[in-house]
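Working notes, beginning with the structure itself.
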There are 2 protein chains.
Amino acid sequence: MTAQRRVVAEVLDGEHVHLTADEVHARAVAKLPEISRATVYNTLGELVSLGEVLEVSTDRRAKRYDPNAHQPHHHLVCARCGAIKDVHPMGNPMADLPDSERFGFTVSDVEVTYRGICPNCTAA
Amino acid sequence: MTAQRRVVAEVLDGEHVHLTADEVHARAVAKLPEISRATVYNTLGELVSLGEVLEVSTDRRAKRYDPNAHQPHHHLVCARCGAIKDVHPMGNPMADLPDSERFGFTVSDVEVTYRGICPNCTAA
DNA sequence: TACGAACTTGGACGTGATCCAAGGTCCTCC
DNA sequence: GGAGGACCTTGGATCACGTCCAAGTTCGTA
């Protein structure tokens with residue numbers, strides 16, 4: 001556990017929002033000016049493979065990192081500004097996919113993404 | 001409607017698979033050798049905004065284009081090779097998101113992505 | 001103090017997509 | 001037929017995001 005890793009972990013832990021790697025880097029630099037982008041990417045990659053953080057790619061732009069890895073949830077995304085909210089829809093989408101629609105796949109995961117326009121963007 | 005656009009439309013219409021822009025370009029070149037990548041991107045963009053074709057970004061690699069735009073469906077993706085199948089789960093995920101979880105968003109769309117390993121990759 | 005393992009750095013590189021200026025095609029109107 | 005203009009196409013430059021890599025640094029152990 002180096003100073004760099006601690007800083008990255010703190011950034012994610014401090015704000016329960018969905019930051020891009022660049023945003024994480026920017027905030028990390030504020031705390032530890034000489035931290036490099038590569039290290040931020042490395043550390044994020046490790047946190048993801050440790051299961052501490054989730055990667056979310058809701059659009060074609062940058063991946064975002066979700067510190068809320070321990071509680072299953074889905075996402076609601078603003079199509080205009082990219083803002084992301086965690087949501088907990090009812091039902092069990094995994095059970096909604098009949099065997100006849102699985103084509104022999106071993107299905108391990110399901111991701112539900114709601115899209116819309118957030119209040120801010122609606123107002124603007 | 002130029003020759004170039006017709007070729008792109010034919011490529012998508014001919015094969016009911018999910019091609020990347022580069023694959024579309026490669027097949028278009030086979031029919032019309034001097035067509036450029038930029039034109040393929042332009043045309044795909046137009047087809048998408050006309051609602052004739054759907055963009056699917058299931059992974060961090062290239063976008064894929066889905067000619068099956070007129071029938072609502074979701075996707076089952078192989079996490080290893082990227083293969084995509086259209087699926088039709090039961091239930092109505094849109095109705096599963098309670099108002100209390102909408103945070104003032106105008107929710108217009110929901111996308112369900114199942115992930116797993118396809119039979120080919122399981123065998124390999 | 002010497003050594004090695006692991007981490008960090010910054011710059012180069014790769015991929016997919018988009019942008020843009022220049023040129024081409026085609027229609028319309030005189 | 002010819003001029004003008006709208007629209008399309010081209011290919012190369014550029015961008016964004018992410019990854020790779022060789023070199024340097026730090027730190028624990030003996």
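Ordered as shown in the structure tokens, chains take letters A, B, and onward, while each chain numbers its residues from 1 and ligands are numbered from 1 in the order shown.
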Selection: 9 Å around Arg102 of chain A, only C-alpha atoms (C1' of nucleotides), excl. self and same-chain fewer than 3 positions, as a count of residues only: 9
Write out, as a tab-separated table, each residue of chain A that has an atom at most 12 Å from chain D, together with the closest pair of atoms and their distance in Å to one decimal, counting only C-alpha atoms (C1' of nucleotides), rows going by chain and rising number.
residue	atom	partner	partner_atom	distance
A:Met1	CA	D:DC27	C1'	11.3
A:Thr2	CA	D:DT26	C1'	9.6
A:Ala3	CA	D:DT26	C1'	11.2
A:Thr20	CA	D:DC17	C1'	10.5
A:Ala21	CA	D:DC17	C1'	9.4
A:Asp22	CA	D:DC17	C1'	9.4
A:Arg37	CA	D:DG18	C1'	10.4
A:Ala38	CA	D:DT19	C1'	8.8
A:Thr39	CA	D:DT19	C1'	11.8
A:Val40	CA	D:DG18	C1'	11.7
A:Tyr41	CA	D:DG18	C1'	8.6
A:Asn42	CA	D:DT19	C1'	10.0
A:Gly45	CA	D:DT19	C1'	11.5
A:Arg60	CA	D:DC17	C1'	9.9
A:Arg61	CA	D:DC17	C1'	7.8
A:Ala62	CA	D:DC17	C1'	6.5
A:Lys63	CA	D:DC17	C1'	8.8
A:Arg64	CA	D:DC17	C1'	11.8
Taking only C-alpha atoms into account, what are the residues of chain A at most 7 Å from chain B, put as a list in words? Val87, Pro89, Met90, Gly91, Asp96, Leu97, Pro98, Glu101, Gly104, Phe105, Thr106, Val107, Ser108, Asp109, Val110, Glu111, Val112, Thr113, Tyr114, Arg115, Gly116, Ile117, Cys118 and Pro119 of chain A
Could you write out the selected residues, including C-alpha atoms, as a short mmCIF file (atom, residue, chain, number, x, y, z; two decimals), in the first residue's frame?
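For reference, result17.cif as written:
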data_model
loop_
_atom_site.label_atom_id
_atom_site.label_comp_id
_atom_site.auth_asym_id
_atom_site.auth_seq_id
_atom_site.Cartn_x
_atom_site.Cartn_y
_atom_site.Cartn_z
CA VAL A 87 -31.01 2.46 -8.88
CA PRO A 89 -35.38 -1.84 -9.84
CA MET A 90 -37.82 -4.48 -8.67
CA GLY A 91 -37.86 -7.91 -10.20
CA ASP A 96 -36.58 -13.30 -16.99
CA LEU A 97 -34.36 -14.84 -19.63
CA PRO A 98 -35.82 -18.24 -20.55
CA GLU A 101 -33.20 -17.63 -25.25
CA GLY A 104 -26.10 -22.37 -24.98
CA PHE A 105 -24.38 -19.45 -23.26
CA THR A 106 -23.34 -19.72 -19.63
CA VAL A 107 -25.00 -16.51 -18.47
CA SER A 108 -23.35 -15.02 -15.43
CA ASP A 109 -24.40 -11.44 -15.19
CA VAL A 110 -27.04 -8.95 -16.20
CA GLU A 111 -26.81 -5.22 -16.40
CA VAL A 112 -29.79 -2.91 -16.65
CA THR A 113 -29.27 0.64 -17.82
CA TYR A 114 -32.08 3.18 -17.78
CA ARG A 115 -31.62 6.22 -19.96
CA GLY A 116 -33.31 9.56 -19.77
CA ILE A 117 -32.77 13.24 -19.13
CA CYS A 118 -31.87 14.46 -15.68
CA PRO A 119 -33.68 17.36 -14.00
#
Only residues of chain C matter here; which ones have an atom within 9 Å of chain A, counting only C-alpha atoms (C1' of nucleotides)? Give them as number ranges by chain. C: 7-10
Chain B: residues DSSP assigns to strand (DSSP E or B), reported as a PDB file with N, CA, C and O atoms, in the first residue's frame:
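So out.pdb came out as:
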ATOM      1  N   LEU B  19     -22.495  -5.975 -36.830  1.00  0.00           N
ATOM      2  CA  LEU B  19     -21.185  -5.649 -37.384  1.00  0.00           C
ATOM      3  C   LEU B  19     -20.606  -4.392 -36.735  1.00  0.00           C
ATOM      4  O   LEU B  19     -21.346  -3.491 -36.358  1.00  0.00           O
ATOM      5  N   THR B  20     -19.289  -4.337 -36.671  1.00  0.00           N
ATOM      6  CA  THR B  20     -18.642  -3.092 -36.280  1.00  0.00           C
ATOM      7  C   THR B  20     -18.559  -2.193 -37.508  1.00  0.00           C
ATOM      8  O   THR B  20     -18.713  -2.652 -38.639  1.00  0.00           O
ATOM      9  N   LEU B  54     -29.752   0.357 -35.008  1.00  0.00           N
ATOM     10  CA  LEU B  54     -29.402   0.694 -33.632  1.00  0.00           C
ATOM     11  C   LEU B  54     -27.902   0.584 -33.399  1.00  0.00           C
ATOM     12  O   LEU B  54     -27.259  -0.310 -33.946  1.00  0.00           O
ATOM     13  N   GLU B  55     -27.394   1.482 -32.588  1.00  0.00           N
ATOM     14  CA  GLU B  55     -26.020   1.384 -32.141  1.00  0.00           C
ATOM     15  C   GLU B  55     -25.987   0.557 -30.872  1.00  0.00           C
ATOM     16  O   GLU B  55     -26.767   0.797 -29.964  1.00  0.00           O
ATOM     17  N   VAL B  56     -25.053  -0.357 -30.789  1.00  0.00           N
ATOM     18  CA  VAL B  56     -24.913  -1.167 -29.595  1.00  0.00           C
ATOM     19  C   VAL B  56     -23.465  -1.071 -29.131  1.00  0.00           C
ATOM     20  O   VAL B  56     -22.555  -1.381 -29.886  1.00  0.00           O
ATOM     21  N   ARG B  64     -21.186  -1.548 -32.353  1.00  0.00           N
ATOM     22  CA  ARG B  64     -21.740  -2.449 -33.354  1.00  0.00           C
ATOM     23  C   ARG B  64     -23.081  -1.914 -33.806  1.00  0.00           C
ATOM     24  O   ARG B  64     -23.736  -1.177 -33.078  1.00  0.00           O
ATOM     25  N   TYR B  65     -23.478  -2.298 -35.010  1.00  0.00           N
ATOM     26  CA  TYR B  65     -24.708  -1.772 -35.585  1.00  0.00           C
ATOM     27  C   TYR B  65     -25.703  -2.891 -35.782  1.00  0.00           C
ATOM     28  O   TYR B  65     -25.380  -3.933 -36.348  1.00  0.00           O
ATOM     29  N   ASP B  66     -26.897  -2.663 -35.298  1.00  0.00           N
ATOM     30  CA  ASP B  66     -27.927  -3.690 -35.236  1.00  0.00           C
ATOM     31  C   ASP B  66     -29.059  -3.312 -36.188  1.00  0.00           C
ATOM     32  O   ASP B  66     -29.785  -2.360 -35.955  1.00  0.00           O
ATOM     33  N   HIS B  74     -33.277  -7.142 -26.416  1.00  0.00           N
ATOM     34  CA  HIS B  74     -32.088  -6.843 -25.632  1.00  0.00           C
ATOM     35  C   HIS B  74     -30.949  -7.723 -26.128  1.00  0.00           C
ATOM     36  O   HIS B  74     -31.102  -8.396 -27.142  1.00  0.00           O
ATOM     37  N   HIS B  75     -29.828  -7.691 -25.418  1.00  0.00           N
ATOM     38  CA  HIS B  75     -28.673  -8.409 -25.946  1.00  0.00           C
ATOM     39  C   HIS B  75     -28.014  -9.343 -24.941  1.00  0.00           C
ATOM     40  O   HIS B  75     -27.999  -9.075 -23.744  1.00  0.00           O
ATOM     41  N   LEU B  76     -27.497 -10.411 -25.501  1.00  0.00           N
ATOM     42  CA  LEU B  76     -26.725 -11.388 -24.743  1.00  0.00           C
ATOM     43  C   LEU B  76     -25.338 -11.390 -25.380  1.00  0.00           C
ATOM     44  O   LEU B  76     -25.205 -11.585 -26.585  1.00  0.00           O
ATOM     45  N   VAL B  77     -24.326 -11.116 -24.565  1.00  0.00           N
ATOM     46  CA  VAL B  77     -22.988 -10.863 -25.093  1.00  0.00           C
ATOM     47  C   VAL B  77     -21.986 -11.857 -24.532  1.00  0.00           C
ATOM     48  O   VAL B  77     -21.989 -12.121 -23.324  1.00  0.00           O
ATOM     49  N   CYS B  78     -21.145 -12.372 -25.382  1.00  0.00           N
ATOM     50  CA  CYS B  78     -20.068 -13.237 -24.903  1.00  0.00           C
ATOM     51  C   CYS B  78     -18.930 -12.380 -24.381  1.00  0.00           C
ATOM     52  O   CYS B  78     -18.364 -11.568 -25.120  1.00  0.00           O
ATOM     53  N   ILE B  84     -22.669 -11.334 -30.145  1.00  0.00           N
ATOM     54  CA  ILE B  84     -23.914 -10.769 -29.627  1.00  0.00           C
ATOM     55  C   ILE B  84     -25.108 -11.525 -30.183  1.00  0.00           C
ATOM     56  O   ILE B  84     -25.156 -11.806 -31.377  1.00  0.00           O
ATOM     57  N   LYS B  85     -26.067 -11.825 -29.320  1.00  0.00           N
ATOM     58  CA  LYS B  85     -27.333 -12.410 -29.741  1.00  0.00           C
ATOM     59  C   LYS B  85     -28.456 -11.488 -29.314  1.00  0.00           C
ATOM     60  O   LYS B  85     -28.394 -10.914 -28.220  1.00  0.00           O
ATOM     61  N   ASP B  86     -29.495 -11.388 -30.119  1.00  0.00           N
ATOM     62  CA  ASP B  86     -30.691 -10.682 -29.672  1.00  0.00           C
ATOM     63  C   ASP B  86     -31.501 -11.598 -28.773  1.00  0.00           C
ATOM     64  O   ASP B  86     -31.673 -12.774 -29.095  1.00  0.00           O
ATOM     65  N   VAL B  87     -32.008 -11.061 -27.678  1.00  0.00           N
ATOM     66  CA  VAL B  87     -32.863 -11.865 -26.801  1.00  0.00           C
ATOM     67  C   VAL B  87     -34.115 -11.082 -26.411  1.00  0.00           C
ATOM     68  O   VAL B  87     -34.156  -9.853 -26.540  1.00  0.00           O
ATOM     69  N   THR B 106     -36.513  12.135 -16.668  1.00  0.00           N
ATOM     70  CA  THR B 106     -37.496  11.673 -17.641  1.00  0.00           C
ATOM     71  C   THR B 106     -36.912  10.425 -18.278  1.00  0.00           C
ATOM     72  O   THR B 106     -36.040  10.508 -19.138  1.00  0.00           O
ATOM     73  N   VAL B 107     -37.368   9.283 -17.834  1.00  0.00           N
ATOM     74  CA  VAL B 107     -36.752   8.031 -18.288  1.00  0.00           C
ATOM     75  C   VAL B 107     -37.413   7.597 -19.590  1.00  0.00           C
ATOM     76  O   VAL B 107     -38.635   7.497 -19.671  1.00  0.00           O
ATOM     77  N   SER B 108     -36.606   7.374 -20.606  1.00  0.00           N
ATOM     78  CA  SER B 108     -37.204   7.099 -21.907  1.00  0.00           C
ATOM     79  C   SER B 108     -36.843   5.734 -22.457  1.00  0.00           C
ATOM     80  O   SER B 108     -37.434   5.274 -23.425  1.00  0.00           O
ATOM     81  N   ASP B 109     -35.899   5.074 -21.843  1.00  0.00           N
ATOM     82  CA  ASP B 109     -35.399   3.876 -22.488  1.00  0.00           C
ATOM     83  C   ASP B 109     -34.726   2.986 -21.457  1.00  0.00           C
ATOM     84  O   ASP B 109     -34.169   3.484 -20.476  1.00  0.00           O
ATOM     85  N   VAL B 110     -34.763   1.695 -21.688  1.00  0.00           N
ATOM     86  CA  VAL B 110     -34.027   0.787 -20.821  1.00  0.00           C
ATOM     87  C   VAL B 110     -33.358  -0.271 -21.689  1.00  0.00           C
ATOM     88  O   VAL B 110     -33.896  -0.683 -22.705  1.00  0.00           O
ATOM     89  N   GLU B 111     -32.187  -0.630 -21.247  1.00  0.00           N
ATOM     90  CA  GLU B 111     -31.348  -1.540 -22.013  1.00  0.00           C
ATOM     91  C   GLU B 111     -30.920  -2.648 -21.071  1.00  0.00           C
ATOM     92  O   GLU B 111     -30.398  -2.368 -20.003  1.00  0.00           O
ATOM     93  N   VAL B 112     -31.131  -3.875 -21.451  1.00  0.00           N
ATOM     94  CA  VAL B 112     -30.730  -4.988 -20.595  1.00  0.00           C
ATOM     95  C   VAL B 112     -29.649  -5.773 -21.324  1.00  0.00           C
ATOM     96  O   VAL B 112     -29.843  -6.183 -22.464  1.00  0.00           O
ATOM     97  N   THR B 113     -28.529  -5.958 -20.684  1.00  0.00           N
ATOM     98  CA  THR B 113     -27.432  -6.699 -21.316  1.00  0.00           C
ATOM     99  C   THR B 113     -27.061  -7.882 -20.447  1.00  0.00           C
ATOM    100  O   THR B 113     -26.615  -7.706 -19.311  1.00  0.00           O
ATOM    101  N   TYR B 114     -27.249  -9.069 -20.996  1.00  0.00           N
ATOM    102  CA  TYR B 114     -26.818 -10.286 -20.313  1.00  0.00           C
ATOM    103  C   TYR B 114     -25.407 -10.597 -20.759  1.00  0.00           C
ATOM    104  O   TYR B 114     -25.080 -10.452 -21.938  1.00  0.00           O
ATOM    105  N   ARG B 115     -24.584 -11.024 -19.818  1.00  0.00           N
ATOM    106  CA  ARG B 115     -23.213 -11.378 -20.173  1.00  0.00           C
ATOM    107  C   ARG B 115     -22.927 -12.812 -19.772  1.00  0.00           C
ATOM    108  O   ARG B 115     -23.424 -13.288 -18.758  1.00  0.00           O
ATOM    109  N   GLY B 116     -22.126 -13.461 -20.579  1.00  0.00           N
ATOM    110  CA  GLY B 116     -21.768 -14.836 -20.276  1.00  0.00           C
ATOM    111  C   GLY B 116     -20.741 -15.302 -21.269  1.00  0.00           C
ATOM    112  O   GLY B 116     -20.070 -14.490 -21.901  1.00  0.00           O
ATOM    113  N   ILE B 117     -20.609 -16.622 -21.363  1.00  0.00           N
ATOM    114  CA  ILE B 117     -19.630 -17.205 -22.276  1.00  0.00           C
ATOM    115  C   ILE B 117     -20.398 -18.044 -23.293  1.00  0.00           C
ATOM    116  O   ILE B 117     -21.245 -18.852 -22.916  1.00  0.00           O
TER     117      ILE B 117
END
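Counting from atom CA of Val8 of chain A, the distance to atom CA of Val24 of chain A is 7.0 Å.
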Mind checking DSSP for chain A and telling me the alpha helix (DSSP H) residues as number ranges by chain? A: 3-14, 21-31, 37-49, 119-123
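The spacing separating atom C1' of DA5 of chain C from atom CA of Leu32 of chain A amounts to 24.3 Å.
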